[in-house]
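S.K.: Have a look at this one before I ask anything.
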Amino acid sequence: MKKQTHNHRFWILPVITLIGVMLYGCSSQGDFSSNTDAAQKVYVAPGEYDEFYGFMSGGYNGQLGIYGIPSGRHLFTVPVFSQAAVNGYGYTDETKNMLNTSHGFVPWGDAHHPELSQTNGETDGRWIFINENNTPRIARIGLDEFRTQEIIEIPNSAGNHASAFVTPNTEYVSAATRFSIPMDENMKNMDAAIDSYAETFKGTISFIKVSGEGKMNVDFQILMPGFDYDLSHAGKGPSDGWAFFTSYNSEEAHTLLEINASKNDKDFIAAINWEKAAEYAKEGKGEMLPGKHVRNYVDHDEGGIVKTEVIEEVRVLDPRKLDGLVYFLPTPKSPHGVDVDPTGKYIVAGGKLSTVIPVHSFAKMIESIDSENYEGEVMGIPVLKYDSILHGEVENPGLGPLHTEFDGKGYAYTTAFISSEIVKWDIEKTEVVDRIGTYYSPGHLMIPGGDSQKPDGKYLVALNKITKDRYLPTGPEMFHSAQLIDISGDKMQLLLDFPTEGEPHYAQGIAAEKVIKRQKRFYDLAENSHPYRATSEKQTRIERDGKEVHVYMTTIRSHFSPDNIEGIKVGDKVYFHVTNLEQDWDVPHGFAIKGANTAELLIMPGETLTLTWEPKEVGVYPFYCTDFCSALHQEMQGYVRVSPESSNVDFKYGTGQ
Amino acid sequence: MKTSHKRWMSVAALLLIGVYFVPIWSISMEAPQYPEGIGMNVTVDNIEGKSPQDLKNINGLNHYIGMKPIEPASIPELSIMPYIFGFFIISGLIIAATGSRKLILFWLALFVLLAIAGLVDFYLWGYDYGHNLNPDAPIKVPGMTYQPPLIGSKQLLNINATSLPHIGFYFALVSMGIAGWVWWKSKEEK
């Protein structure tokens with residue numbers, strides 16, 4: 001009897017183990033069986049480089065996050081639309097103008113959609129553009145130095161969301177109004193009753209021309225009905241010359257949009273013939289109307305100091321007066337993303353409340369336009385017939401489809417926010433072929449080159465909106481969660497979770513070698529053209545101009561010159577112009593002084609930056625290098641003596657040599 | 001002397017023109033912080049970084065241990081060397097024209113002597129830089145000197161310094177070899 005019971009108990013153990021393993025396999029950890037394989041695929045050995053750069057918008061941190069793919073390592077953050085105390089961006093005399101707008105200095109921005117510059121429809125690694133939603137702007141970041149080189153404001157717009165998407169040769173970058181506003185005939189924001197929305201509110205879609213050197217200017221804007229313009233992508237190949245913008249709120253609601261803007265069965269994709277619009281603009285058609293906006297740019301001829309120029313007018317093209325500019329493609333249920341496949345033949349909409357993914361055919365669209373096969377007109381804009389332009393509808397694409405990217409092998413990948421998954425489907429057949437869960441609720445997704453004509457269809461990054469339990473908890477506020485998925489095979493495979501700063505909306509990826517070869521390692525001291533530079537210790541000095549004192553200072557391992565300064569008085573405004581004399585890779589010096597009401601300086605080799613300090617009380621104040629620059633970094637310090645306002649202490653400075 | 005030997009002697013002389021275009025000696029240094037290396041080349045009239053900023057950065061590193069900065073303008077040998085090689089090129093060509101074996105031998109002997117003197121001078125220069133240190137140097141390691149090797153590798157604190165002849169030196173060596181060969185071969189003509 002006893003023996004029998006024993007046997008019975010032993011029999012139960014493996015069953016418990018088996019159930020345990022099965023439960024573990026079913027947990028939210030993803031595909032358990034392939035963990036070792038996944039680890040190998042994302043492992044980048046110490047000292048090795050990642051295969052791709054990933055550029056993730058920082059969302060509400062206003063910056064651009066740089067990540068290595070496939071490792072998911074966070075490499076850097078480029079300050080763009082928000083002040084960055086980490087290096088003084090937006091604080092120093094050299095950089096603060098970059099955050100100027102027609103509303104004055106704005107220290108924060110909401111960065112949404114990064115887009116790499118392209119040549120012949122392929123990412124080229126020159127620049128990356130990114131839009132700001134709140135105070136409509138577009139920034140251009142140079143990938144030679146990973147710095148913001150230019151920001152242009154978008155006039156007559158509010159909420160610049162459908163931006164910053166480029167045309168195949170970076171002829172233009174797009175911008176559009178997300179929150180339409182009441183505008184009079186002079187494009188002036190009106191003091192209008194909000195419930196006059198349908199009559200008075202208007203939107204604009206703007207095209208920013210990009211010169212060979214990268215200089216941006218608003219070439220023209222097209223006046224649009226007062227919908228919410230959401231996302232965009234330019235045509236390519238056969239559809240080059242066109243750009244597509246989704247819109248929602250064709251109901252023209254102005255309150256409780258979640259209900260009131262979700263009523264219509266179909267909203268519109270606006271197809272813009274930008275090539276024609278550019279011709280009209282070149283011919284001087286349309287009207288130059290008021291549209292005050294600023295352009296901030298790094299002036300390389302003057303020490304890299306950011307300059308601001310104010311532009312008063314903008315060319316406005318009115319589709320009621322100019323033919324063939326815009327056509328509306330009816331598209332189900334408040335479409336969000338609009339993505340053009342690598343062949344340029346198909347236009348995919350993410351109808352976020354739709355049960356299918358509609359795919360429009362560019363060829364059919366052109367046929368309809370040529371035969372004037374319209375079902376109506378909105379504000380002079382012809383509305384095409386849904387059934388006449390449709391390539392097909394993808395059935396069962398998950399709930400809440402938002403954005404689509406492509407692998408260049410005939411497949412599209414769409415995020416489904418509500419059902420929290422990515423759906424892979426065949427573009428020609430419009431049939432789902434695979435799906436994979438993501439954790440949790442993906443917004444955008446990114447395949448390197450996935451919105452260009454030449455995708456690198458190896459990895460896909462899902463940019464999830466909800467993090468919850470994916471990482472060690474950090475209180476109520478957490479980084480967002482990205483997930484790396486292998487798309488090289490027939491079945492998608494989840495490889496890696498990695499946290500991302502801020503809230504990445506869109507992202508871009510590019511083969512690392514396209515960017516590495518452009519890298520600056522330091523700034524050539526001989527080319528430093530800063531008006532307050534000191535390119536050798538012999539040039540260091542102090543000059544007084546009334547209450548303004550300019551200190552021409554240098555840094556080199558491991559001292560400041562001068563490091564003892566006397567003759568400063570209470571009430572003075574002291575400008576420390578610090579030039580880093582180093583000419584070696586990765587030897588920045590920092591500068592901070594006690595009581596300064598600003599951020600530190602982090603000065604790259606060969607560069608000059610300025611910190612402004614207004615001493616309020618008598619005493620001796622230390623300053624020091626904030627970047628561990630050398631074995632004698634702790635010795636890299638100095639003193640400033642501050643005397644009473646009425647005193648006659650002479651300037652005395654130097655390094656005691 | 002056979003015309004062909006005279007020609008070869010002029011080749012020996014003309015080969016030295018190459019010395020003006022390529023470095024004569026190379027000192028390269030490796031350290032964990034310099035994964036791509038850092039170094040300098042000695043040319044006929046200069047000491048220059050292997051990358052444009054290397055010399056500045058080497059001087060920056062050297063100041064920690066109290067070495068004098070390397071300033072090519074203050075090294076007199078560098079202003080003399082172009083003339084020395086110029087002398088050997090011109091005199092070599094004249095000797096080739098005369099076809100005098102004695103003069104070839106004299107030319108060769110002088111060349112070898114000056115080459116040895118150059119190496120000795122280089123050694124002494126390295127000795128001075130490595131030993132004659134600023135007493136106020138931030139880093140002082142008891143008993144440590146920093147003379148770079150004349151030829152070969154040497155570990156100096158975190159830096160492994162390698163000193164080797166560069167292409168220019170080999171031009172000179174081949175030039176000597178050819179002159180020696182001409183002298184030897186032309187003996188049979190007598």
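FYI, nothing fancy with the structure tokens labels: chains A, B, ... in order, residues from 1 per chain, ligands from 1 as they appear.
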For Leu15 (chain B), list every protein, DNA or RNA residue within 8 Å, evaluated using only C-alpha atoms, and leave out those in the same chain fewer than 5 positions away; present the list as a ChimeraX atom specification.
M.R.: /B:171-172,175
S.K.: With N, CA and C atoms retained, could you export that selection as a PDB file, in the first residue's frame?
M.R.:
```pdb
ATOM      1  N   PHE B 171      65.517  54.421 -49.023  1.00  0.00           N
ATOM      2  CA  PHE B 171      66.042  55.055 -50.238  1.00  0.00           C
ATOM      3  C   PHE B 171      67.554  55.272 -50.076  1.00  0.00           C
ATOM      4  N   ALA B 172      67.915  55.821 -48.926  1.00  0.00           N
ATOM      5  CA  ALA B 172      69.329  56.105 -48.657  1.00  0.00           C
ATOM      6  C   ALA B 172      70.140  54.811 -48.649  1.00  0.00           C
ATOM      7  N   SER B 175      70.560  53.505 -52.097  1.00  0.00           N
ATOM      8  CA  SER B 175      71.515  54.383 -52.773  1.00  0.00           C
ATOM      9  C   SER B 175      72.951  53.980 -52.407  1.00  0.00           C
TER      10      SER B 175
END
```
S.K.: For Ala161 (chain B), list every protein, DNA or RNA residue within 10 Å, evaluated using only C-alpha atoms, and leave out those in the same chain fewer than 2 positions away; present the list as a list of chain:residue names.
M.R.: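 So the residues in contact are B:Ile27, B:Ser28, B:Met29, B:Glu30, B:Ala31, B:Ile38, B:Gly39, B:Tyr146, B:Gln147, B:Pro148, B:Pro149, B:Ile151, B:Gly152, B:Ser153, B:Lys154, B:Gln155, B:Leu156, B:Leu157, B:Asn158, B:Ile159, B:Ser163.
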S.K.: Please, which residues of chain B lie no more than 8 Å from chain A when the count uses only C-alpha atoms, and can they be set out as a list in words?
M.R.: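 Result, ordered by chain then number: Gln53, Lys56, Asn57 and Gly60 of chain B.
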S.K.: Among the residues of chain B, find those DSSP assigns to alpha helix (DSSP H) from the backbone and print them as a PyMOL selection string.
M.R.: chain B and resi 3-15+54-65+76-98+101-131+167-185
S.K.: Can you tell me which residues surround Gly65 (chain A) at a distance of at most 8 Å, considering only C-alpha atoms, apart from same-chain residues fewer than 3 positions away, and format the answer as a list of chain:residue names?
M.R.: A:Phe55, A:Met56, A:Ser57, A:Gly58, A:His74, A:Leu75, A:Phe76, A:Thr77, A:Val78, A:Thr500, A:Glu501
S.K.: List the spatial neighbours of Glu171 (chain A) as a PDB file with N, CA and C atoms, in the first residue's frame - criterion: any atom at most 6 Å away, only C-alpha atoms, same-chain residues fewer than 4 positions off excluded.
M.R.:
```
ATOM      1  N   THR A 167      10.596  64.469 -49.920  1.00  0.00           N
ATOM      2  CA  THR A 167      10.404  63.955 -51.269  1.00  0.00           C
ATOM      3  C   THR A 167      11.665  63.160 -51.655  1.00  0.00           C
ATOM      4  N   LYS A 209      11.274  74.105 -48.995  1.00  0.00           N
ATOM      5  CA  LYS A 209      12.306  73.759 -49.968  1.00  0.00           C
ATOM      6  C   LYS A 209      13.644  73.602 -49.246  1.00  0.00           C
ATOM      7  N   VAL A 210      14.409  72.618 -49.672  1.00  0.00           N
ATOM      8  CA  VAL A 210      15.713  72.362 -49.054  1.00  0.00           C
ATOM      9  C   VAL A 210      16.793  72.548 -50.115  1.00  0.00           C
TER      10      VAL A 210
END
```
S.K.: Identify, on the basis of only C-alpha atoms, every residue whose closest approach to Asp299 (chain A) does not exceed 12 Å; exclude the query and any residue fewer than 6 positions from it along the same chain; express the result as a ChimeraX atom specification.
M.R.: /A:94-95,97-98,149-150,215,305-309,528-531
S.K.: Write down as a ChimeraX atom specification the residues belonging to chain B that are assigned strand (DSSP E or B) by DSSP computed on the backbone.
M.R.: /B:25-31,34-42,47-49,152-156,159-165
S.K.: Grab the CA of Gly303 (chain A) to CA of Gly104 (chain A) distance for me, in Å with one decimal place.
M.R.: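 Going from CA of Gly303 (chain A) over to CA of Gly104 (chain A), I get 23.5 Å.
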S.K.: Near Val86 (chain A), counting only C-alpha atoms, which residues have an atom at most 8 Å away, once you skip same-chain residues fewer than 3 positions from it, shown as a VMD selection string?
M.R.: chain A and resid 89 599 to 600 602
S.K.: Might you pull out every residue within 12 Å of Lys2 (chain B), with only C-alpha atoms counted and same-chain residues fewer than 4 positions away left off, and present them as a ChimeraX atom specification?
M.R.: /B:6-9,96-101,182-183,185-190
S.K.: For those residues, write C-alpha atoms to a file as an mmCIF file, in the first residue's frame.
M.R.:
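The result, written out as part14.cif:
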```
data_model
loop_
_atom_site.group_PDB
_atom_site.id
_atom_site.type_symbol
_atom_site.label_atom_id
_atom_site.label_comp_id
_atom_site.auth_asym_id
_atom_site.auth_seq_id
_atom_site.Cartn_x
_atom_site.Cartn_y
_atom_site.Cartn_z
ATOM 1 C CA LYS B 6 78.332 55.588 -64.522
ATOM 2 C CA ARG B 7 74.603 55.359 -65.121
ATOM 3 C CA TRP B 8 74.126 53.256 -62.002
ATOM 4 C CA MET B 9 76.111 55.751 -59.946
ATOM 5 C CA ALA B 96 79.232 59.539 -61.869
ATOM 6 C CA ALA B 97 80.302 61.827 -64.723
ATOM 7 C CA THR B 98 83.991 61.557 -63.844
ATOM 8 C CA GLY B 99 83.729 57.797 -63.331
ATOM 9 C CA SER B 100 86.377 57.918 -60.591
ATOM 10 C CA ARG B 101 86.290 54.844 -58.346
ATOM 11 C CA VAL B 182 79.323 50.137 -58.711
ATOM 12 C CA TRP B 183 82.582 50.581 -56.864
ATOM 13 C CA LYS B 185 82.066 45.910 -60.072
ATOM 14 C CA SER B 186 84.107 48.612 -61.779
ATOM 15 C CA LYS B 187 87.235 47.116 -60.210
ATOM 16 C CA GLU B 188 87.284 44.360 -62.914
ATOM 17 C CA GLU B 189 87.671 46.903 -65.710
ATOM 18 C CA LYS B 190 91.289 47.591 -64.799
#
```
S.K.: One number please: CA of Asp45 (chain B) to CA of Pro605 (chain A), in Å, one decimal.
M.R.: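 CA of Asp45 (chain B) sits 29.1 Å away from CA of Pro605 (chain A).
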S.K.: Can you measure CA of Leu402 (chain A) to CA of Asp228 (chain A) for me? One decimal in Å is fine.
M.R.: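 If I compute the distance from CA of Leu402 (chain A) to CA of Asp228 (chain A), I get 15.8 Å.
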